[in-house]
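Structure below is work07.txt: compact mmCIF, N, CA, C and O atoms.
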```
# COMPACT_ATOMS: atom_id res chain seq x y z
N MET Q 1 0.85 -1.19 0.00
CA MET Q 1 0.00 0.00 0.00
C MET Q 1 0.89 1.24 0.00
O MET Q 1 1.78 1.36 0.82
N GLN Q 2 0.61 2.15 -0.92
CA GLN Q 2 1.37 3.40 -1.00
C GLN Q 2 0.48 4.58 -0.63
O GLN Q 2 -0.71 4.59 -0.92
N CYS Q 3 1.10 5.58 -0.01
CA CYS Q 3 0.40 6.81 0.32
C CYS Q 3 -0.01 7.52 -0.97
O CYS Q 3 0.79 7.64 -1.90
N GLU Q 4 -1.26 7.95 -1.02
CA GLU Q 4 -1.75 8.65 -2.22
C GLU Q 4 -1.15 10.04 -2.36
O GLU Q 4 -1.29 10.66 -3.40
N TRP Q 5 -0.49 10.54 -1.31
CA TRP Q 5 0.06 11.90 -1.34
C TRP Q 5 1.56 11.92 -1.60
O TRP Q 5 2.03 12.69 -2.41
N CYS Q 6 2.32 11.05 -0.88
CA CYS Q 6 3.78 11.10 -1.03
C CYS Q 6 4.36 9.83 -1.66
O CYS Q 6 5.56 9.76 -1.89
N ASN Q 7 3.52 8.85 -1.92
CA ASN Q 7 3.89 7.58 -2.56
C ASN Q 7 4.81 6.69 -1.73
O ASN Q 7 5.32 5.70 -2.24
N ASN Q 8 5.02 7.02 -0.47
CA ASN Q 8 5.79 6.13 0.40
C ASN Q 8 4.88 5.00 0.87
O ASN Q 8 3.66 5.10 0.83
N SER Q 9 5.50 3.92 1.32
CA SER Q 9 4.70 2.75 1.68
C SER Q 9 4.51 2.59 3.19
O SER Q 9 4.11 1.53 3.65
N ASN Q 10 4.76 3.62 3.94
CA ASN Q 10 4.62 3.58 5.40
C ASN Q 10 3.21 4.02 5.80
O ASN Q 10 3.03 5.02 6.49
N VAL Q 11 2.20 3.26 5.35
CA VAL Q 11 0.79 3.62 5.57
C VAL Q 11 0.17 2.61 6.51
O VAL Q 11 0.41 1.41 6.41
N LYS Q 12 -0.63 3.12 7.44
CA LYS Q 12 -1.37 2.22 8.33
C LYS Q 12 -2.85 2.54 8.24
O LYS Q 12 -3.25 3.64 7.87
N PHE Q 13 -3.65 1.54 8.57
CA PHE Q 13 -5.11 1.68 8.53
C PHE Q 13 -5.61 1.97 9.93
O PHE Q 13 -5.23 1.29 10.88
N ILE Q 14 -6.43 3.00 10.03
CA ILE Q 14 -7.02 3.41 11.30
C ILE Q 14 -8.50 3.70 11.09
O ILE Q 14 -8.99 3.67 9.96
N SER Q 15 -9.21 3.98 12.16
CA SER Q 15 -10.58 4.46 12.10
C SER Q 15 -10.57 5.89 12.61
O SER Q 15 -9.91 6.18 13.61
N ASP Q 16 -11.30 6.78 11.95
CA ASP Q 16 -11.29 8.18 12.33
C ASP Q 16 -12.64 8.81 11.99
O ASP Q 16 -13.42 8.25 11.23
N SER Q 17 -12.88 9.97 12.55
CA SER Q 17 -14.09 10.73 12.22
C SER Q 17 -13.86 11.56 10.97
O SER Q 17 -12.76 12.09 10.77
N VAL Q 18 -14.89 11.63 10.14
CA VAL Q 18 -14.87 12.51 8.97
C VAL Q 18 -16.13 13.35 9.02
O VAL Q 18 -17.11 12.99 9.68
N TYR Q 19 -16.11 14.46 8.34
CA TYR Q 19 -17.26 15.36 8.31
C TYR Q 19 -17.71 15.47 6.86
O TYR Q 19 -16.90 15.73 5.98
N TRP Q 20 -19.00 15.25 6.63
CA TRP Q 20 -19.52 15.14 5.28
C TRP Q 20 -20.74 16.03 5.11
O TRP Q 20 -21.65 16.02 5.94
N GLU Q 21 -20.77 16.75 4.01
CA GLU Q 21 -21.96 17.54 3.68
C GLU Q 21 -22.97 16.61 3.01
O GLU Q 21 -22.62 15.82 2.14
N LEU Q 22 -24.23 16.72 3.43
CA LEU Q 22 -25.27 15.90 2.83
C LEU Q 22 -25.51 16.32 1.39
O LEU Q 22 -25.25 17.47 1.02
N PRO Q 23 -25.98 15.40 0.53
CA PRO Q 23 -26.16 15.70 -0.89
C PRO Q 23 -27.03 16.92 -1.17
O PRO Q 23 -26.81 17.63 -2.15
N ASP Q 24 -28.01 17.21 -0.31
CA ASP Q 24 -28.88 18.36 -0.55
C ASP Q 24 -28.27 19.67 -0.03
O ASP Q 24 -28.84 20.73 -0.20
N GLY Q 25 -27.10 19.58 0.59
CA GLY Q 25 -26.40 20.77 1.07
C GLY Q 25 -27.00 21.38 2.32
O GLY Q 25 -26.59 22.47 2.73
N SER Q 26 -27.93 20.70 2.95
CA SER Q 26 -28.64 21.28 4.09
C SER Q 26 -27.80 21.35 5.36
O SER Q 26 -27.99 22.24 6.19
N ARG Q 27 -26.86 20.42 5.51
CA ARG Q 27 -26.03 20.39 6.72
C ARG Q 27 -24.90 19.39 6.54
O ARG Q 27 -24.86 18.66 5.55
N ALA Q 28 -24.01 19.38 7.51
CA ALA Q 28 -22.92 18.42 7.52
C ALA Q 28 -23.11 17.49 8.71
O ALA Q 28 -23.73 17.85 9.70
N ILE Q 29 -22.59 16.28 8.59
CA ILE Q 29 -22.66 15.30 9.66
C ILE Q 29 -21.26 14.79 9.97
O ILE Q 29 -20.35 14.89 9.14
N GLU Q 30 -21.11 14.24 11.16
CA GLU Q 30 -19.87 13.56 11.53
C GLU Q 30 -20.09 12.07 11.36
O GLU Q 30 -21.08 11.52 11.85
N ILE Q 31 -19.17 11.43 10.67
CA ILE Q 31 -19.23 9.99 10.48
C ILE Q 31 -18.04 9.41 11.25
O ILE Q 31 -16.88 9.57 10.83
N LYS Q 32 -18.33 8.78 12.39
CA LYS Q 32 -17.28 8.23 13.24
C LYS Q 32 -16.85 6.85 12.77
O LYS Q 32 -17.60 6.16 12.07
N GLU Q 33 -15.64 6.48 13.19
CA GLU Q 33 -15.11 5.14 12.93
C GLU Q 33 -15.05 4.80 11.44
O GLU Q 33 -15.32 3.67 11.03
N THR Q 34 -14.71 5.79 10.64
CA THR Q 34 -14.60 5.61 9.19
C THR Q 34 -13.25 5.00 8.84
O THR Q 34 -12.22 5.45 9.36
N PRO Q 35 -13.22 3.96 8.00
CA PRO Q 35 -11.94 3.39 7.57
C PRO Q 35 -11.07 4.48 6.94
O PRO Q 35 -11.51 5.18 6.02
N THR Q 36 -9.87 4.63 7.46
CA THR Q 36 -9.00 5.74 7.10
C THR Q 36 -7.58 5.23 6.95
O THR Q 36 -7.20 4.25 7.57
N GLN Q 37 -6.82 5.93 6.12
CA GLN Q 37 -5.42 5.60 5.96
C GLN Q 37 -4.60 6.76 6.52
O GLN Q 37 -4.94 7.93 6.34
N GLN Q 38 -3.50 6.41 7.19
CA GLN Q 38 -2.60 7.42 7.73
C GLN Q 38 -1.18 7.10 7.30
O GLN Q 38 -0.69 6.00 7.52
N CYS Q 39 -0.54 8.08 6.68
CA CYS Q 39 0.84 7.92 6.26
C CYS Q 39 1.75 8.35 7.41
O CYS Q 39 1.63 9.46 7.92
N CYS Q 40 2.64 7.47 7.79
CA CYS Q 40 3.55 7.77 8.89
C CYS Q 40 4.73 8.62 8.44
O CYS Q 40 5.50 9.12 9.27
N ASP Q 41 4.88 8.82 7.13
CA ASP Q 41 5.96 9.65 6.61
C ASP Q 41 5.54 11.11 6.44
O ASP Q 41 6.18 12.02 6.93
N CYS Q 42 4.42 11.35 5.74
CA CYS Q 42 3.98 12.73 5.50
C CYS Q 42 2.86 13.17 6.44
O CYS Q 42 2.40 14.30 6.39
N ASN Q 43 2.40 12.23 7.30
CA ASN Q 43 1.34 12.49 8.29
C ASN Q 43 -0.02 12.81 7.69
O ASN Q 43 -0.89 13.33 8.39
N MET Q 44 -0.23 12.52 6.43
CA MET Q 44 -1.53 12.75 5.80
C MET Q 44 -2.50 11.69 6.28
O MET Q 44 -2.16 10.52 6.39
N ILE Q 45 -3.73 12.11 6.57
CA ILE Q 45 -4.80 11.21 6.97
C ILE Q 45 -5.91 11.38 5.94
O ILE Q 45 -6.36 12.51 5.70
N TYR Q 46 -6.34 10.26 5.32
CA TYR Q 46 -7.30 10.36 4.23
C TYR Q 46 -8.09 9.07 4.08
O TYR Q 46 -7.72 8.03 4.62
N GLN Q 47 -9.17 9.14 3.33
CA GLN Q 47 -9.96 7.97 2.99
C GLN Q 47 -9.65 7.57 1.55
O GLN Q 47 -9.43 8.44 0.70
N SER Q 48 -9.68 6.28 1.30
CA SER Q 48 -9.44 5.81 -0.06
C SER Q 48 -10.60 6.24 -0.96
O SER Q 48 -11.70 6.55 -0.49
N GLU Q 49 -10.36 6.24 -2.24
CA GLU Q 49 -11.41 6.59 -3.20
C GLU Q 49 -12.60 5.66 -3.08
O GLU Q 49 -13.75 6.09 -3.23
N ARG Q 50 -12.36 4.40 -2.77
CA ARG Q 50 -13.45 3.43 -2.61
C ARG Q 50 -14.35 3.81 -1.43
O ARG Q 50 -15.58 3.79 -1.55
N ILE Q 51 -13.76 4.19 -0.31
CA ILE Q 51 -14.54 4.59 0.87
C ILE Q 51 -15.31 5.87 0.58
O ILE Q 51 -16.50 6.00 0.94
N VAL Q 52 -14.68 6.84 -0.07
CA VAL Q 52 -15.36 8.09 -0.42
C VAL Q 52 -16.57 7.80 -1.29
O VAL Q 52 -17.66 8.32 -1.05
N LYS Q 53 -16.41 6.94 -2.28
CA LYS Q 53 -17.52 6.60 -3.18
C LYS Q 53 -18.63 5.89 -2.42
O LYS Q 53 -19.81 6.16 -2.63
N GLU Q 54 -18.26 4.96 -1.53
CA GLU Q 54 -19.27 4.25 -0.74
C GLU Q 54 -20.10 5.22 0.11
O GLU Q 54 -21.32 5.12 0.16
N ILE Q 55 -19.43 6.17 0.75
CA ILE Q 55 -20.14 7.15 1.58
C ILE Q 55 -21.04 8.02 0.73
O ILE Q 55 -22.21 8.24 1.05
N GLU Q 56 -20.51 8.55 -0.37
CA GLU Q 56 -21.30 9.43 -1.23
C GLU Q 56 -22.51 8.71 -1.82
O GLU Q 56 -23.61 9.26 -1.85
N ASP Q 57 -22.32 7.48 -2.28
CA ASP Q 57 -23.44 6.71 -2.83
C ASP Q 57 -24.49 6.45 -1.76
O ASP Q 57 -25.68 6.63 -2.00
N GLN Q 58 -24.05 6.03 -0.58
CA GLN Q 58 -24.99 5.72 0.48
C GLN Q 58 -25.79 6.96 0.88
O GLN Q 58 -27.01 6.90 1.04
N LEU Q 59 -25.14 8.10 1.03
CA LEU Q 59 -25.85 9.32 1.41
C LEU Q 59 -26.84 9.75 0.32
O LEU Q 59 -27.88 10.33 0.62
N PHE Q 60 -26.52 9.44 -0.92
CA PHE Q 60 -27.42 9.78 -2.02
C PHE Q 60 -28.64 8.86 -2.06
O PHE Q 60 -29.70 9.26 -2.51
N LEU Q 61 -28.48 7.63 -1.55
CA LEU Q 61 -29.51 6.61 -1.71
C LEU Q 61 -30.38 6.36 -0.48
O LEU Q 61 -31.28 5.54 -0.53
N ILE Q 62 -30.12 7.06 0.62
CA ILE Q 62 -30.91 6.86 1.82
C ILE Q 62 -31.69 8.13 2.16
O ILE Q 62 -31.45 9.19 1.59
N ASP Q 63 -32.60 8.02 3.10
CA ASP Q 63 -33.34 9.17 3.61
C ASP Q 63 -32.48 9.86 4.67
O ASP Q 63 -32.43 9.42 5.82
N CYS Q 64 -31.77 10.89 4.27
CA CYS Q 64 -30.81 11.57 5.16
C CYS Q 64 -31.49 12.31 6.31
O CYS Q 64 -30.83 12.67 7.28
N LYS Q 65 -32.79 12.52 6.23
CA LYS Q 65 -33.50 13.18 7.32
C LYS Q 65 -33.50 12.31 8.57
O LYS Q 65 -33.70 12.83 9.67
N GLN Q 66 -33.27 11.03 8.42
CA GLN Q 66 -33.25 10.12 9.55
C GLN Q 66 -31.89 10.05 10.24
O GLN Q 66 -31.73 9.36 11.24
N ILE Q 67 -30.91 10.78 9.71
CA ILE Q 67 -29.57 10.77 10.29
C ILE Q 67 -29.43 11.98 11.22
O ILE Q 67 -29.76 13.10 10.84
N GLY Q 68 -28.91 11.73 12.41
CA GLY Q 68 -28.63 12.82 13.33
C GLY Q 68 -27.35 13.54 12.95
O GLY Q 68 -26.85 13.40 11.84
N LYS Q 69 -26.80 14.28 13.88
CA LYS Q 69 -25.56 15.02 13.63
C LYS Q 69 -24.34 14.11 13.57
O LYS Q 69 -23.33 14.45 12.97
N VAL Q 70 -24.45 12.94 14.25
CA VAL Q 70 -23.32 12.01 14.33
C VAL Q 70 -23.83 10.60 14.06
O VAL Q 70 -24.90 10.21 14.53
N ILE Q 71 -23.06 9.84 13.29
CA ILE Q 71 -23.38 8.45 12.99
C ILE Q 71 -22.06 7.71 12.77
O ILE Q 71 -21.07 8.33 12.36
N THR Q 72 -22.02 6.42 13.05
CA THR Q 72 -20.82 5.66 12.74
C THR Q 72 -20.88 5.22 11.27
O THR Q 72 -21.95 5.16 10.67
N TYR Q 73 -19.72 4.90 10.75
CA TYR Q 73 -19.64 4.43 9.36
C TYR Q 73 -20.49 3.17 9.17
O TYR Q 73 -21.26 3.07 8.21
N ASP Q 74 -20.38 2.23 10.11
CA ASP Q 74 -21.16 0.99 9.98
C ASP Q 74 -22.66 1.25 10.04
O ASP Q 74 -23.43 0.65 9.29
N GLU Q 75 -23.10 2.13 10.95
CA GLU Q 75 -24.52 2.47 11.04
C GLU Q 75 -25.00 3.10 9.73
O GLU Q 75 -26.09 2.79 9.25
N LEU Q 76 -24.18 3.97 9.16
CA LEU Q 76 -24.55 4.62 7.90
C LEU Q 76 -24.70 3.59 6.79
O LEU Q 76 -25.68 3.62 6.05
N MET Q 77 -23.76 2.68 6.71
CA MET Q 77 -23.80 1.69 5.63
C MET Q 77 -24.95 0.70 5.79
O MET Q 77 -25.37 0.08 4.81
N LYS Q 78 -25.48 0.56 6.99
CA LYS Q 78 -26.59 -0.37 7.23
C LYS Q 78 -27.96 0.28 7.03
O LYS Q 78 -28.97 -0.41 7.05
N LYS Q 79 -28.00 1.60 6.82
CA LYS Q 79 -29.28 2.28 6.61
C LYS Q 79 -29.93 1.73 5.33
O LYS Q 79 -29.25 1.54 4.31
N PRO Q 80 -31.24 1.50 5.36
CA PRO Q 80 -31.91 0.99 4.16
C PRO Q 80 -31.91 2.02 3.03
O PRO Q 80 -32.13 3.20 3.26
N ARG Q 81 -31.66 1.52 1.84
CA ARG Q 81 -31.61 2.39 0.65
C ARG Q 81 -32.99 2.54 0.03
O ARG Q 81 -33.78 1.59 0.04
N LEU Q 82 -33.23 3.72 -0.53
CA LEU Q 82 -34.47 3.96 -1.26
C LEU Q 82 -34.39 3.38 -2.67
O LEU Q 82 -35.41 3.03 -3.26
N LEU Q 83 -33.18 3.28 -3.22
CA LEU Q 83 -32.91 2.66 -4.51
C LEU Q 83 -31.82 1.61 -4.31
O LEU Q 83 -31.04 1.70 -3.35
N LYS Q 84 -31.70 0.65 -5.21
CA LYS Q 84 -30.69 -0.40 -5.09
C LYS Q 84 -29.28 0.12 -5.34
O LYS Q 84 -28.32 -0.34 -4.77
N ARG Q 85 -29.19 1.07 -6.25
CA ARG Q 85 -27.87 1.63 -6.59
C ARG Q 85 -28.05 3.05 -7.09
O ARG Q 85 -29.16 3.49 -7.37
N ASN Q 86 -26.93 3.74 -7.26
CA ASN Q 86 -26.95 5.10 -7.75
C ASN Q 86 -27.04 5.07 -9.28
O ASN Q 86 -26.04 4.89 -9.97
N TYR Q 87 -28.23 5.24 -9.80
CA TYR Q 87 -28.45 5.18 -11.25
C TYR Q 87 -27.93 6.41 -11.98
O TYR Q 87 -27.91 6.44 -13.21
N PHE Q 88 -27.49 7.42 -11.22
CA PHE Q 88 -26.96 8.64 -11.83
C PHE Q 88 -25.43 8.62 -11.90
O PHE Q 88 -24.82 9.54 -12.39
N ASP Q 89 -24.82 7.55 -11.42
CA ASP Q 89 -23.37 7.41 -11.47
C ASP Q 89 -23.01 6.63 -12.72
O ASP Q 89 -23.26 5.44 -12.82
N PHE Q 90 -22.39 7.30 -13.67
CA PHE Q 90 -22.04 6.69 -14.94
C PHE Q 90 -20.55 6.34 -15.01
O PHE Q 90 -20.04 6.03 -16.07
N SER Q 91 -19.86 6.39 -13.85
CA SER Q 91 -18.42 6.16 -13.84
C SER Q 91 -18.06 4.68 -13.93
O SER Q 91 -16.94 4.33 -14.26
N SER Q 92 -19.00 3.79 -13.61
CA SER Q 92 -18.64 2.36 -13.64
C SER Q 92 -19.40 1.61 -14.70
O SER Q 92 -20.25 2.05 -15.36
```
Rewrite the structure of this file - the entire thing - as structure tokens.
Amino acid sequence: MQCEWCNNSNVKFISDSVYWELPDGSRAIEIKETPTQQCCDCNMIYQSERIVKEIEDQLFLIDCKQIGKVITYDELMKKPRLLKRNYFDFSS
């Protein structure tokens, strides 16, 4: 595994809080215990593109009014979806 910022391989996996704006722009939420990567060389802390896509898709596909100010990553991913997938994502 290489750091996406400095390309060194001294990366470890941690869980951390992230702050995300809801798709409708109405507010931001804290998502605790999110899978995160931390580079021990450049000290950058970030989420992989896969995790970012999972969060964005899930927030787009659920009823965000049912989410409080804080939720864990696992709780977010377990929320029932209104659609099976993001039909507006043409990247895959």
DSSP on the backbone, strand (DSSP E) only: what residues of stretch 9-63 of chain Q does that give? Format it as JSON, numbers by chain. {"Q": [11, 12, 13, 14, 15, 16, 17, 18, 19, 20, 21, 28, 29, 30, 31, 32, 33, 34, 35, 36, 37, 38, 39, 45, 46]}
Would you mind telling me which residue in Q:Asp41, Q:Ile62, Q:Gln2, Q:Lys78 lies nearest to Q:Pro23 when using only C-alpha atoms? Q:Ile62
Would you mind reading off the distance between atom CA of Q:Leu22 and atom CA of Q:Arg81, one decimal, in Å? 15.1 Å
Could you check how far atom CA of Q:Glu33 sits from atom CA of Q:Ile55, in Å to one decimal? 12.6 Å
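As for atom CA of Q:Glu4 and atom CA of Q:Thr72, they are spaced 24.4 Å apart.
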With all atoms of stretch 61-70 of chain Q from the file as input, state the centre and edge lengths in Å to one decimal of the axis-aligned box that has 5 Å extra on each side, as lines of an AutoDock Vina configuration file.
```
center_x = -28.5
center_y = 10.3
center_z = 6.4
size_x = 20.4
size_y = 19.5
size_z = 26.2
```
Got a sec: who's within 6 Å of stretch 26-31 of chain Q, counting only C-alpha atoms, leaving out chain neighbours fewer than 6 positions off, as a ChimeraX atom specification? /Q:17-20,69-73
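Minimum distance to Q:Asp16 across Q:Pro35, Q:Met1, Q:Leu82, Q:Val52 (counting all atoms listed in the file) occurs at Q:Pro35.
Comparing Q:Gln66, Q:Ser48, Q:Asn10, Q:Ser15 by their smallest distance to Q:Lys32, the closest is Q:Ser15 (using only N, CA, C and O atoms).
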Counting only C-alpha atoms, find residues at most 12 Å from (-4.9, 12.0, 7.0) (file frame) and give them as a short mmCIF file (atom, residue, chain, number, x, y, z; two decimals) with N, CA, C and O atoms, in the coordinates of the input.
```
data_model
loop_
_atom_site.label_atom_id
_atom_site.label_comp_id
_atom_site.auth_asym_id
_atom_site.auth_seq_id
_atom_site.Cartn_x
_atom_site.Cartn_y
_atom_site.Cartn_z
N CYS Q 3 1.10 5.58 -0.01
CA CYS Q 3 0.40 6.81 0.32
C CYS Q 3 -0.01 7.52 -0.97
O CYS Q 3 0.79 7.64 -1.90
N GLU Q 4 -1.26 7.95 -1.02
CA GLU Q 4 -1.75 8.65 -2.22
C GLU Q 4 -1.15 10.04 -2.36
O GLU Q 4 -1.29 10.66 -3.40
N TRP Q 5 -0.49 10.54 -1.31
CA TRP Q 5 0.06 11.90 -1.34
C TRP Q 5 1.56 11.92 -1.60
O TRP Q 5 2.03 12.69 -2.41
N CYS Q 6 2.32 11.05 -0.88
CA CYS Q 6 3.78 11.10 -1.03
C CYS Q 6 4.36 9.83 -1.66
O CYS Q 6 5.56 9.76 -1.89
N VAL Q 11 2.20 3.26 5.35
CA VAL Q 11 0.79 3.62 5.57
C VAL Q 11 0.17 2.61 6.51
O VAL Q 11 0.41 1.41 6.41
N LYS Q 12 -0.63 3.12 7.44
CA LYS Q 12 -1.37 2.22 8.33
C LYS Q 12 -2.85 2.54 8.24
O LYS Q 12 -3.25 3.64 7.87
N PHE Q 13 -3.65 1.54 8.57
CA PHE Q 13 -5.11 1.68 8.53
C PHE Q 13 -5.61 1.97 9.93
O PHE Q 13 -5.23 1.29 10.88
N ILE Q 14 -6.43 3.00 10.03
CA ILE Q 14 -7.02 3.41 11.30
C ILE Q 14 -8.50 3.70 11.09
O ILE Q 14 -8.99 3.67 9.96
N SER Q 15 -9.21 3.98 12.16
CA SER Q 15 -10.58 4.46 12.10
C SER Q 15 -10.57 5.89 12.61
O SER Q 15 -9.91 6.18 13.61
N ASP Q 16 -11.30 6.78 11.95
CA ASP Q 16 -11.29 8.18 12.33
C ASP Q 16 -12.64 8.81 11.99
O ASP Q 16 -13.42 8.25 11.23
N SER Q 17 -12.88 9.97 12.55
CA SER Q 17 -14.09 10.73 12.22
C SER Q 17 -13.86 11.56 10.97
O SER Q 17 -12.76 12.09 10.77
N VAL Q 18 -14.89 11.63 10.14
CA VAL Q 18 -14.87 12.51 8.97
C VAL Q 18 -16.13 13.35 9.02
O VAL Q 18 -17.11 12.99 9.68
N THR Q 34 -14.71 5.79 10.64
CA THR Q 34 -14.60 5.61 9.19
C THR Q 34 -13.25 5.00 8.84
O THR Q 34 -12.22 5.45 9.36
N PRO Q 35 -13.22 3.96 8.00
CA PRO Q 35 -11.94 3.39 7.57
C PRO Q 35 -11.07 4.48 6.94
O PRO Q 35 -11.51 5.18 6.02
N THR Q 36 -9.87 4.63 7.46
CA THR Q 36 -9.00 5.74 7.10
C THR Q 36 -7.58 5.23 6.95
O THR Q 36 -7.20 4.25 7.57
N GLN Q 37 -6.82 5.93 6.12
CA GLN Q 37 -5.42 5.60 5.96
C GLN Q 37 -4.60 6.76 6.52
O GLN Q 37 -4.94 7.93 6.34
N GLN Q 38 -3.50 6.41 7.19
CA GLN Q 38 -2.60 7.42 7.73
C GLN Q 38 -1.18 7.10 7.30
O GLN Q 38 -0.69 6.00 7.52
N CYS Q 39 -0.54 8.08 6.68
CA CYS Q 39 0.84 7.92 6.26
C CYS Q 39 1.75 8.35 7.41
O CYS Q 39 1.63 9.46 7.92
N CYS Q 40 2.64 7.47 7.79
CA CYS Q 40 3.55 7.77 8.89
C CYS Q 40 4.73 8.62 8.44
O CYS Q 40 5.50 9.12 9.27
N ASP Q 41 4.88 8.82 7.13
CA ASP Q 41 5.96 9.65 6.61
C ASP Q 41 5.54 11.11 6.44
O ASP Q 41 6.18 12.02 6.93
N CYS Q 42 4.42 11.35 5.74
CA CYS Q 42 3.98 12.73 5.50
C CYS Q 42 2.86 13.17 6.44
O CYS Q 42 2.40 14.30 6.39
N ASN Q 43 2.40 12.23 7.30
CA ASN Q 43 1.34 12.49 8.29
C ASN Q 43 -0.02 12.81 7.69
O ASN Q 43 -0.89 13.33 8.39
N MET Q 44 -0.23 12.52 6.43
CA MET Q 44 -1.53 12.75 5.80
C MET Q 44 -2.50 11.69 6.28
O MET Q 44 -2.16 10.52 6.39
N ILE Q 45 -3.73 12.11 6.57
CA ILE Q 45 -4.80 11.21 6.97
C ILE Q 45 -5.91 11.38 5.94
O ILE Q 45 -6.36 12.51 5.70
N TYR Q 46 -6.34 10.26 5.32
CA TYR Q 46 -7.30 10.36 4.23
C TYR Q 46 -8.09 9.07 4.08
O TYR Q 46 -7.72 8.03 4.62
N GLN Q 47 -9.17 9.14 3.33
CA GLN Q 47 -9.96 7.97 2.99
C GLN Q 47 -9.65 7.57 1.55
O GLN Q 47 -9.43 8.44 0.70
N SER Q 48 -9.68 6.28 1.30
CA SER Q 48 -9.44 5.81 -0.06
C SER Q 48 -10.60 6.24 -0.96
O SER Q 48 -11.70 6.55 -0.49
#
```
Please give the complete set of residues from chain Q that DSSP, run on the backbone, assigns to alpha helix (DSSP H), formatted as a PyMOL selection string. chain Q and resi 49-61+73-78
